[in-house]
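As structure tokens, the structure follows; a few thoughts come after it.
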Amino acid sequence: MKPLVFWAQHQHWPTIHLEVGDITTYTCDAVVTGIRPDLLLSGGVNTAIHRAAGAQLAQAINQIGHCPLGQAVISQGYNLPAKYVIHTACPVYDAQKKDQSLQILGQCYLNSLNLALKSGVANLVFPALATGVFGFSHQLSAVLVARTMRNFLLEPARYNSSLKDIYLVIYHQNSIEPYEQSFKESFV
């Protein structure tokens with residue numbers, strides 16, 4: 001599949017890329033991973049990032065110790081081709097508290113973006129946060145991430161920031177359709 005690109009024609013905003021791939025292989029300033037608040041390995045993308053980064057990442061995470069739900073912390077990327085890893089504490093999806101679950105997941109994206117800006121990141125790579133072991137469907141995730149990124153980037157304070165490229169990397173080809181639809185609706 002050819003990667004989809006959004007907002008590339010707008011001079012004030014970063015270019016949004018939607019791709020299928022492996023987040024651990026991206027040469028970039030920072031990759032984002034979903035974590036548990038206690039920072040223990042949560043499986044999926046988080047485990048893959050730890051494997052690729054090496055033991056130094058686990059040592060750095062132990063030094064940090066804790067991250068409240070919806071918040072984000074940053075570490076070096078160590079053996080990854082990314083300079084940094086932004087770790088964001090994702091909620092477990094609760095159908096009984098759907099709105100609260102979505103609100104916290106939205107905070108994960110927002111706080112990761114804010115931390116990237118604060119750290120001078122030019123290119124940032126996100127997975128589809130919380131769609132694995134945390135239990136969010138790709139349909140819910142797609143609408144949330146597209147809307148959250150659009151609203152974040154529309155704030156005038158974001159114009160001409162350090163952030164030049166944002167990648168949303170979906171691991172499986174068969175999961176990308178809801179993201180294509182949501183990003184087309186939000187960014188075109």
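Numbering starts fresh at 1 for the residues of each chain in the structure tokens, the chains themselves are lettered A, B, ... in the order given, and ligands are numbered from 1 as they appear.
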Residues within 9 Å of region 101-107 of chain A, only C-alpha atoms, excluding chain neighbours under 5 positions, as a VMD selection string: chain A and resid 69 to 71 89 to 95 112 129 to 130 136 140 to 141 144 to 145 148
Take the residues from that selection and put them in a file with N, CA and C atoms, as a short mmCIF file (atom, residue, chain, number, x, y, z; two decimals), in the first residue's frame.
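What landed in out-v5.cif:
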```
data_model
loop_
_atom_site.label_atom_id
_atom_site.label_comp_id
_atom_site.auth_asym_id
_atom_site.auth_seq_id
_atom_site.Cartn_x
_atom_site.Cartn_y
_atom_site.Cartn_z
N LEU A 69 -1.93 7.72 34.31
CA LEU A 69 -2.75 7.48 33.12
C LEU A 69 -2.91 8.76 32.31
N GLY A 70 -2.73 8.64 31.01
CA GLY A 70 -2.90 9.78 30.11
C GLY A 70 -1.68 10.67 29.99
N GLN A 71 -0.71 10.50 30.84
CA GLN A 71 0.51 11.32 30.82
C GLN A 71 1.58 10.65 29.97
N ALA A 89 1.04 6.44 29.29
CA ALA A 89 0.27 5.47 30.08
C ALA A 89 -1.16 5.39 29.57
N CYS A 90 -1.46 4.29 28.88
CA CYS A 90 -2.76 4.09 28.24
C CYS A 90 -3.75 3.41 29.18
N PRO A 91 -5.03 3.76 29.02
CA PRO A 91 -6.05 3.07 29.79
C PRO A 91 -6.41 1.74 29.14
N VAL A 92 -6.95 0.84 29.95
CA VAL A 92 -7.55 -0.38 29.42
C VAL A 92 -8.98 -0.01 29.05
N TYR A 93 -9.40 -0.42 27.85
CA TYR A 93 -10.75 -0.07 27.40
C TYR A 93 -11.79 -0.70 28.31
N ASP A 94 -12.76 0.11 28.72
CA ASP A 94 -13.87 -0.34 29.56
C ASP A 94 -15.16 0.10 28.88
N ALA A 95 -15.91 -0.84 28.33
CA ALA A 95 -17.15 -0.52 27.62
C ALA A 95 -18.16 0.17 28.52
N SER A 112 1.65 13.18 24.46
CA SER A 112 2.81 12.73 23.67
C SER A 112 3.21 13.81 22.67
N LEU A 129 -2.16 3.55 19.34
CA LEU A 129 -2.08 3.34 20.78
C LEU A 129 -3.28 2.57 21.33
N ALA A 130 -3.00 1.64 22.22
CA ALA A 130 -3.99 0.91 23.02
C ALA A 130 -4.90 -0.02 22.24
N PHE A 136 -8.70 -1.43 22.90
CA PHE A 136 -9.47 -0.50 22.07
C PHE A 136 -9.59 -1.07 20.66
N LEU A 140 -12.71 2.66 17.02
CA LEU A 140 -12.72 3.72 18.03
C LEU A 140 -11.43 4.52 17.99
N SER A 141 -10.32 3.81 17.89
CA SER A 141 -9.01 4.46 17.88
C SER A 141 -8.86 5.40 16.69
N LEU A 144 -10.75 8.70 17.11
CA LEU A 144 -10.14 9.47 18.18
C LEU A 144 -8.81 10.09 17.76
N VAL A 145 -7.91 9.30 17.19
CA VAL A 145 -6.59 9.82 16.85
C VAL A 145 -6.67 10.88 15.75
N THR A 148 -8.16 14.04 17.41
CA THR A 148 -7.23 14.59 18.40
C THR A 148 -6.06 15.29 17.72
#
```
If you take only C-alpha atoms and a cut-off of 6 Å, which residues of region 63-98 of chain A touch region 35-55 of chain A, and what are their nearest atom pairs and distances in Å to one decimal, in chain and number order, as a tab-separated table?
```
residue	atom	partner	partner_atom	distance
A:His66	CA	A:Asp38	CA	4.9
A:Cys67	CA	A:Pro37	CA	4.8
A:Pro68	CA	A:Pro37	CA	5.4
A:Leu69	CA	A:Pro37	CA	5.9
A:Tyr78	CA	A:Ala53	CA	5.3
A:Asn79	CA	A:Ala53	CA	4.3
A:Leu80	CA	A:Ala53	CA	4.8
A:Thr88	CA	A:Ile35	CA	5.7
A:Ala89	CA	A:Ile35	CA	4.7
A:Cys90	CA	A:Ile35	CA	6.0
```
Selection near region 149-159 of chain A, 8 Å with only C-alpha atoms, sequence-local residues under 5 positions removed, as number ranges by chain: A: 12-13, 109-110, 186-187
Resulting file, chosen residues, C-alpha atoms, as a PDB file, in the first residue's frame:
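See again.pdb below for the written result:
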```pdb
ATOM      1  CA  HIS A  12       2.060  25.920   8.844  1.00  0.00           C
ATOM      2  CA  TRP A  13       1.383  22.309   9.735  1.00  0.00           C
ATOM      3  CA  TYR A 109      -1.968  11.387  22.178  1.00  0.00           C
ATOM      4  CA  LEU A 110      -2.087  15.048  23.292  1.00  0.00           C
ATOM      5  CA  SER A 186     -10.619  14.965   9.353  1.00  0.00           C
ATOM      6  CA  PHE A 187      -7.727  16.221   7.228  1.00  0.00           C
TER       7      PHE A 187
END
```
Surrounding residues of Ala122 (chain A) excluding itself and chain neighbours under 6 positions, 8 Å, only C-alpha atoms, as JSON, numbers by chain: {"A": [29, 162, 163, 164, 165]}
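Among the candidates A:Phe183, A:Tyr171, A:Tyr26, A:Tyr84, the residue lying nearest to Ala128 (chain A) is A:Tyr171 (atoms considered: only C-alpha atoms).
From CA of Ala60 (chain A) back to CA of Val121 (chain A), the distance works out to 19.6 Å.
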Test item: residues at most 8 Å from Val85 (chain A), only C-alpha atoms, excluding those fewer than 2 positions along its chain, as a list in words: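 Contacts, in chain order: Ala30, Val31, Val32, Thr33, Ile74, Ser75, Gln76, Gly77, Ala82, Lys83 and His87 of chain A.
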Take the residues just selected and output them with C-alpha atoms as a compact mmCIF listing (two decimals), in the first residue's frame.
```
# COMPACT_ATOMS: atom_id res chain seq x y z
CA ALA A 30 10.96 9.91 18.57
CA VAL A 31 8.63 6.92 18.63
CA VAL A 32 5.67 6.64 20.97
CA THR A 33 4.66 3.54 22.89
CA ILE A 74 10.52 10.46 27.55
CA SER A 75 13.70 8.40 27.46
CA GLN A 76 16.59 7.86 25.08
CA GLY A 77 16.02 5.43 22.22
CA ALA A 82 14.87 6.70 17.01
CA LYS A 83 16.65 9.20 19.24
CA HIS A 87 6.08 6.41 26.82
```
Point-to-point distance from CA of Gln181 (chain A) to CA of Phe134 (chain A), Å rounded to tenths: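 Here the two named atoms are 22.6 Å from each other.
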Contact residues around region 17-20 of chain A with only C-alpha atoms at 12 Å, ignoring same-chain residues under 5 positions, as an MDAnalysis selection string: chainID A and resid 1:8 25:26 123:128 142 145:146 149 164:184 187
Backbone DSSP call of helix (DSSP H, G or I) for region 27-173 of chain A, listed as JSON, numbers by chain: {"A": [44, 45, 46, 47, 48, 49, 50, 51, 52, 53, 55, 56, 57, 58, 59, 60, 61, 62, 63, 64, 95, 96, 97, 98, 99, 100, 101, 102, 103, 104, 105, 106, 107, 108, 109, 110, 111, 112, 113, 114, 115, 116, 117, 118, 138, 139, 140, 141, 142, 143, 144, 145, 146, 147, 148, 149, 150, 151, 152, 153, 154, 156, 157, 158, 173]}
Would you mind exporting C-alpha atoms of the selected residues as a short mmCIF file (atom, residue, chain, number, x, y, z; two decimals), in the first residue's frame?
```
data_model
loop_
_atom_site.label_atom_id
_atom_site.label_comp_id
_atom_site.auth_asym_id
_atom_site.auth_seq_id
_atom_site.Cartn_x
_atom_site.Cartn_y
_atom_site.Cartn_z
CA GLY A 44 2.75 -5.69 21.75
CA VAL A 45 4.51 -2.53 20.55
CA ASN A 46 5.95 -1.81 23.99
CA THR A 47 7.69 -5.19 24.17
CA ALA A 48 8.96 -4.84 20.58
CA ILE A 49 10.41 -1.40 21.39
CA HIS A 50 12.14 -2.75 24.50
CA ARG A 51 13.62 -5.66 22.55
CA ALA A 52 14.93 -3.37 19.83
CA ALA A 53 16.22 -0.69 22.23
CA ALA A 55 18.53 -3.42 28.25
CA GLN A 56 19.41 0.25 28.73
CA LEU A 57 15.80 1.21 28.04
CA ALA A 58 14.56 -1.02 30.88
CA GLN A 59 17.12 0.59 33.20
CA ALA A 60 15.96 4.08 32.19
CA ILE A 61 12.32 3.12 32.75
CA ASN A 62 13.15 1.78 36.20
CA GLN A 63 14.65 5.18 37.04
CA ILE A 64 11.40 6.91 35.98
CA ALA A 95 -17.15 -0.52 27.62
CA GLN A 96 -19.02 0.54 30.77
CA LYS A 97 -16.89 3.71 30.88
CA LYS A 98 -16.40 4.23 27.15
CA ASP A 99 -16.31 8.04 27.27
CA GLN A 100 -13.81 8.09 30.12
CA SER A 101 -11.62 5.49 28.37
CA LEU A 102 -11.62 7.55 25.16
CA GLN A 103 -10.90 10.78 27.03
CA ILE A 104 -7.82 9.27 28.69
CA LEU A 105 -6.60 7.79 25.40
CA GLY A 106 -7.00 11.21 23.79
CA GLN A 107 -4.85 12.63 26.58
CA CYS A 108 -2.19 10.03 25.73
CA TYR A 109 -1.97 11.39 22.18
CA LEU A 110 -2.09 15.05 23.29
CA ASN A 111 0.51 14.66 26.02
CA SER A 112 2.81 12.73 23.67
CA LEU A 113 2.51 15.51 21.08
CA ASN A 114 3.16 18.18 23.72
CA LEU A 115 6.20 16.32 25.03
CA ALA A 116 7.52 15.95 21.49
CA LEU A 117 7.21 19.70 20.95
CA LYS A 118 8.83 20.46 24.29
CA HIS A 138 -9.30 0.13 15.59
CA GLN A 139 -12.62 1.78 14.73
CA LEU A 140 -12.72 3.72 18.03
CA SER A 141 -9.01 4.46 17.88
CA ALA A 142 -9.12 5.77 14.31
CA VAL A 143 -11.81 8.37 14.96
CA LEU A 144 -10.14 9.47 18.18
CA VAL A 145 -6.59 9.82 16.85
CA ALA A 146 -7.63 11.68 13.68
CA ARG A 147 -9.80 14.14 15.61
CA THR A 148 -7.23 14.59 18.40
CA MET A 149 -4.34 15.26 16.02
CA ARG A 150 -6.40 17.65 13.91
CA ASN A 151 -7.58 19.67 16.92
CA PHE A 152 -4.07 19.76 18.36
CA LEU A 153 -2.54 20.98 15.12
CA LEU A 154 -5.21 23.61 14.46
CA PRO A 156 -2.18 28.66 16.25
CA ALA A 157 0.56 27.98 18.82
CA ARG A 158 1.43 24.85 16.79
CA GLN A 173 -2.52 -4.06 6.58
#
```
